[in-house]
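Contents: one structure, followed by commentary.
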Amino acid sequence: MAPHLNIVPSMFVLLLLFISASKVQPDAFDVVAKFGAKADGKTDLSKPFLDAWKEACASVTPSTVVIPKGTYLLSKVNLEGPCKAPIKINVQGTIQAPADPSAFKDPNWVRFYSVENFKMFGGGIFDGQGSIAYEKNTCENREFRSKLPVNIRFDFVTNALIQDITSKDSKLFHINVFACKNITLERLKIEAPDESPNTDGIHMGKSEGVNIIASDIKTGDDCISIGDGTKNMVIKEITCGPGHGISIGSLGKFQNEEPVEGIKISNCTITNTSNGARIKTWPGEHGGAVSEIHFEDITMNNVSSPILIDQQYCPWNKCKKNEESKVKLSNISFKNIRGTSALPEAIRFICSGSSPCQNVELADIDIKHNGAEPATSQCLNVKPITVGKLNPIPCSGPAPKTPSATA
């Protein structure tokens, strides 16, 4: 009798699992099992991916598109909403872009447009295969650069969570967030060689309520760059480097740029980068406003310019060198920032002569130069508010007279 008594509950449990699975299965859209995708690294994933998305997006109940483990070739895909119910993408595999940049006629590879209540997760990899593009992407070759694709674009996306995803070797920016609201990017890995041009890790503009949390970014440009119209943003627990640091801007290059306000960057570690905590605006050009920017609790390891306000930003010496920036900066703080600088100038505040920086605070700063010379601080058109222990002494060195040529 004992074996029979054990079989009955076991069968009951299996029955419950079968019923549960039958309820979940119709809402899981597997690109391989249901839509014929092949994980062979050669067959284009575009149609199976798009077909799965369209069917999932049309579902009146929450649905999930599944990309199983394996390697897939994806020429490009545009995933549009609005969807009828919350939608998820479970990316377990590696998705590769065509290596040849000529395969792209516009700067899109994977694009999400007008989607609400969205989640992407699963530990998968988006591999832009950008090495050929890096060799050809020069400042003179603008037409070539204009067609290079971003790995992942989020345009007009609302209430989204992007979690446990890797972006690798993008041909241009890795992730671009535009006109989004309430989107969180968490536990991301972003990686590209330190010599890869224009490969910003995460760039955003005209977005509100963006959170970037607990992510590791190694790239050839800004780890995170914040464009105009960004408001109420939190960046925390980021490891950045190599790259160009975490930057507000560049701003003031184009007409009618919207204000940047309410940005908090905290508990980050920045290592072996050209810049650390940076705000950059173009001289001359157009107006704008930046306010309520707060960098706190940041560790700098061998960073060339750990703390930088640069209103003479002039990459490749292509700017109106003899004009002042028209972007107004106010209510900016740098608090509890510690570590080492690769160059003596640990702090550089280069503000506009026509619109000096207002209410810039330095509190509890301790940055040591890795070389024999002591760390210094340069100031132009700003009188910072100082609190606590400060090393280097604020404004202890001469301000440069020429625009900055670094990117």
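Each chain in the structure tokens gets a letter, A, B and so on, in the order shown; residues start at 1 in every chain, and ligands are counted from 1 in the order they appear.
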
Just list the residues in stretch 320-349 of chain A DSSP gives strand (DSSP E or B) on the backbone, as a PyMOL selection string. chain A and resi 325-341+345-349

Just-selected residues, N, CA, C and O atoms written as a short mmCIF file (atom, residue, chain, number, x, y, z; two decimals), in the first residue's frame:
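New file again-v1.cif:
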```cif
data_model
loop_
_atom_site.label_atom_id
_atom_site.label_comp_id
_atom_site.auth_asym_id
_atom_site.auth_seq_id
_atom_site.Cartn_x
_atom_site.Cartn_y
_atom_site.Cartn_z
N SER A 325 30.34 80.22 -24.02
CA SER A 325 29.19 79.33 -24.03
C SER A 325 27.94 80.08 -23.58
O SER A 325 27.99 80.90 -22.66
N LYS A 326 26.81 79.78 -24.21
CA LYS A 326 25.55 80.41 -23.86
C LYS A 326 24.69 79.52 -22.96
O LYS A 326 23.53 79.83 -22.69
N VAL A 327 25.22 78.41 -22.51
CA VAL A 327 24.49 77.50 -21.63
C VAL A 327 24.71 77.91 -20.17
O VAL A 327 25.86 78.06 -19.73
N LYS A 328 23.63 78.11 -19.43
CA LYS A 328 23.70 78.55 -18.03
C LYS A 328 23.74 77.34 -17.10
O LYS A 328 22.88 76.47 -17.15
N LEU A 329 24.74 77.33 -16.21
CA LEU A 329 24.91 76.25 -15.24
C LEU A 329 24.64 76.77 -13.83
O LEU A 329 25.19 77.80 -13.44
N SER A 330 23.84 76.04 -13.05
CA SER A 330 23.55 76.48 -11.68
C SER A 330 23.18 75.29 -10.79
O SER A 330 22.71 74.26 -11.27
N ASN A 331 23.44 75.48 -9.50
CA ASN A 331 23.08 74.48 -8.48
C ASN A 331 23.67 73.11 -8.80
O ASN A 331 22.97 72.14 -9.09
N ILE A 332 24.99 73.07 -8.73
CA ILE A 332 25.76 71.87 -9.06
C ILE A 332 26.65 71.53 -7.87
O ILE A 332 27.27 72.41 -7.27
N SER A 333 26.69 70.25 -7.50
CA SER A 333 27.52 69.86 -6.35
C SER A 333 28.35 68.63 -6.65
O SER A 333 27.93 67.74 -7.40
N PHE A 334 29.54 68.61 -6.05
CA PHE A 334 30.45 67.48 -6.08
C PHE A 334 30.79 67.16 -4.62
O PHE A 334 31.48 67.95 -3.97
N LYS A 335 30.31 66.04 -4.09
CA LYS A 335 30.46 65.73 -2.67
C LYS A 335 31.05 64.34 -2.46
O LYS A 335 30.67 63.37 -3.13
N ASN A 336 31.98 64.27 -1.51
CA ASN A 336 32.60 63.01 -1.12
C ASN A 336 33.14 62.25 -2.34
O ASN A 336 32.77 61.12 -2.62
N ILE A 337 34.04 62.92 -3.03
CA ILE A 337 34.70 62.32 -4.19
C ILE A 337 36.17 62.11 -3.84
O ILE A 337 36.86 63.05 -3.44
N ARG A 338 36.62 60.87 -3.98
CA ARG A 338 37.95 60.50 -3.48
C ARG A 338 38.67 59.62 -4.50
O ARG A 338 38.03 59.01 -5.36
N GLY A 339 40.00 59.59 -4.38
CA GLY A 339 40.77 58.70 -5.25
C GLY A 339 41.99 59.36 -5.82
O GLY A 339 42.63 60.20 -5.16
N THR A 340 42.33 59.00 -7.07
CA THR A 340 43.57 59.47 -7.68
C THR A 340 43.33 60.00 -9.08
O THR A 340 42.44 59.54 -9.81
N SER A 341 44.17 60.99 -9.45
CA SER A 341 44.13 61.54 -10.80
C SER A 341 45.41 61.18 -11.54
O SER A 341 46.49 61.11 -10.96
N GLU A 345 45.97 68.25 -12.70
CA GLU A 345 44.74 69.05 -12.59
C GLU A 345 43.56 68.14 -12.24
O GLU A 345 42.84 67.66 -13.12
N ALA A 346 43.34 67.95 -10.96
CA ALA A 346 42.28 67.04 -10.51
C ALA A 346 40.90 67.67 -10.63
O ALA A 346 39.91 66.97 -10.82
N ILE A 347 40.83 69.00 -10.48
CA ILE A 347 39.55 69.71 -10.58
C ILE A 347 39.70 70.86 -11.56
O ILE A 347 40.61 71.69 -11.42
N ARG A 348 38.82 70.93 -12.56
CA ARG A 348 38.86 72.04 -13.53
C ARG A 348 37.44 72.58 -13.70
O ARG A 348 36.54 71.88 -14.17
N PHE A 349 37.25 73.81 -13.30
CA PHE A 349 35.98 74.50 -13.50
C PHE A 349 36.21 75.62 -14.52
O PHE A 349 36.75 76.67 -14.18
#
```

Hey, which of A:Ala342, A:Ala277, A:Cys379, A:Ala179 ends up closest to A:Ile235? Count only C-alpha atoms.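 Of all the options, A:Ala277 lies closest to A:Ile235.
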
If you count only C-alpha atoms, which residues fall within 9 Å of A:Glu186, apart from same-chain ones fewer than 6 positions away, as a PDB file with N, CA, C and O atoms, in the first residue's frame?
```pdb
ATOM      1  N   LEU A 161      11.555  48.149 -17.786  1.00  0.00           N
ATOM      2  CA  LEU A 161      12.683  47.625 -17.025  1.00  0.00           C
ATOM      3  C   LEU A 161      13.556  46.819 -17.968  1.00  0.00           C
ATOM      4  O   LEU A 161      13.097  45.850 -18.581  1.00  0.00           O
ATOM      5  N   ILE A 162      14.820  47.227 -18.086  1.00  0.00           N
ATOM      6  CA  ILE A 162      15.809  46.508 -18.899  1.00  0.00           C
ATOM      7  C   ILE A 162      16.841  45.953 -17.924  1.00  0.00           C
ATOM      8  O   ILE A 162      17.526  46.711 -17.241  1.00  0.00           O
ATOM      9  N   GLN A 163      16.970  44.642 -17.874  1.00  0.00           N
ATOM     10  CA  GLN A 163      17.695  44.020 -16.767  1.00  0.00           C
ATOM     11  C   GLN A 163      18.527  42.833 -17.263  1.00  0.00           C
ATOM     12  O   GLN A 163      18.060  42.022 -18.083  1.00  0.00           O
ATOM     13  N   ASP A 164      19.779  42.757 -16.786  1.00  0.00           N
ATOM     14  CA  ASP A 164      20.637  41.591 -17.057  1.00  0.00           C
ATOM     15  C   ASP A 164      20.826  41.351 -18.559  1.00  0.00           C
ATOM     16  O   ASP A 164      20.665  40.240 -19.059  1.00  0.00           O
ATOM     17  N   ILE A 165      21.196  42.419 -19.263  1.00  0.00           N
ATOM     18  CA  ILE A 165      21.459  42.351 -20.701  1.00  0.00           C
ATOM     19  C   ILE A 165      22.868  42.877 -20.952  1.00  0.00           C
ATOM     20  O   ILE A 165      23.325  43.813 -20.295  1.00  0.00           O
ATOM     21  N   ASN A 211      16.431  55.635 -14.703  1.00  0.00           N
ATOM     22  CA  ASN A 211      17.297  55.126 -13.640  1.00  0.00           C
ATOM     23  C   ASN A 211      18.304  54.161 -14.255  1.00  0.00           C
ATOM     24  O   ASN A 211      17.913  53.235 -14.973  1.00  0.00           O
ATOM     25  N   ILE A 212      19.581  54.383 -13.957  1.00  0.00           N
ATOM     26  CA  ILE A 212      20.629  53.457 -14.398  1.00  0.00           C
ATOM     27  C   ILE A 212      21.321  52.946 -13.138  1.00  0.00           C
ATOM     28  O   ILE A 212      21.912  53.734 -12.388  1.00  0.00           O
ATOM     29  N   ILE A 213      21.260  51.634 -12.908  1.00  0.00           N
ATOM     30  CA  ILE A 213      21.622  51.085 -11.609  1.00  0.00           C
ATOM     31  C   ILE A 213      22.526  49.862 -11.781  1.00  0.00           C
ATOM     32  O   ILE A 213      22.288  49.000 -12.637  1.00  0.00           O
ATOM     33  N   ALA A 214      23.557  49.769 -10.945  1.00  0.00           N
ATOM     34  CA  ALA A 214      24.362  48.554 -10.770  1.00  0.00           C
ATOM     35  C   ALA A 214      24.823  47.963 -12.101  1.00  0.00           C
ATOM     36  O   ALA A 214      24.637  46.773 -12.369  1.00  0.00           O
ATOM     37  N   SER A 215      25.442  48.807 -12.916  1.00  0.00           N
ATOM     38  CA  SER A 215      25.874  48.359 -14.237  1.00  0.00           C
ATOM     39  C   SER A 215      27.377  48.574 -14.421  1.00  0.00           C
ATOM     40  O   SER A 215      27.976  49.445 -13.797  1.00  0.00           O
TER      41      SER A 215
END
```

Kindly indicate which residue among A:Cys395, A:Ile293, A:Cys319, A:Ile238 lies nearest to A:Lys253, using only C-alpha atoms for the distances. A:Cys319

Write out as number ranges by chain each polymer residue whose atoms come within 8 Å of A:Gln92, counting only C-alpha atoms; drop sequence neighbours fewer than 3 positions from it. A: 66-70, 122-125

Include N, CA, C and O atoms and write out the residues we just selected as a CSV table (one decimal), in the first residue's frame.
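Writing the result to result_32.csv gives the following:
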```csv
chain,number,residue,atom,x,y,z
A,66,VAL,N,10.4,34.8,-26.4
A,66,VAL,CA,11.6,34.1,-25.9
A,66,VAL,C,12.6,33.9,-27.0
A,66,VAL,O,12.2,33.4,-28.1
A,67,ILE,N,13.8,34.3,-26.8
A,67,ILE,CA,14.9,34.0,-27.7
A,67,ILE,C,15.9,33.0,-26.9
A,67,ILE,O,16.7,33.5,-26.1
A,68,PRO,N,15.8,31.7,-27.2
A,68,PRO,CA,16.6,30.8,-26.5
A,68,PRO,C,18.1,30.9,-26.6
A,68,PRO,O,18.6,31.7,-27.5
A,69,LYS,N,18.8,30.1,-25.8
A,69,LYS,CA,20.3,30.2,-25.9
A,69,LYS,C,20.7,29.7,-27.3
A,69,LYS,O,20.1,28.9,-28.0
A,70,GLY,N,21.8,30.3,-27.7
A,70,GLY,CA,22.4,30.0,-29.1
A,70,GLY,C,22.8,31.3,-29.7
A,70,GLY,O,22.7,32.4,-29.1
A,122,GLY,N,17.0,38.4,-19.2
A,122,GLY,CA,17.4,37.0,-19.6
A,122,GLY,C,18.9,36.7,-19.7
A,122,GLY,O,19.3,35.5,-19.9
A,123,GLY,N,19.8,37.7,-19.5
A,123,GLY,CA,21.2,37.4,-19.6
A,123,GLY,C,21.8,37.3,-21.0
A,123,GLY,O,23.0,37.0,-21.2
A,124,GLY,N,21.0,37.7,-22.0
A,124,GLY,CA,21.5,37.6,-23.4
A,124,GLY,C,22.4,38.7,-23.8
A,124,GLY,O,22.6,39.7,-23.0
A,125,ILE,N,23.0,38.6,-25.0
A,125,ILE,CA,24.0,39.5,-25.5
A,125,ILE,C,23.6,40.1,-26.8
A,125,ILE,O,23.2,39.3,-27.7
```

Let's see if you can do this: from backbone DSSP, list all helix (DSSP H, G or I) residues in stretch 15-189 of chain A, as an MDAnalysis selection string. chainID A and resid 15:27 46:58 101:103 131:136 142:146
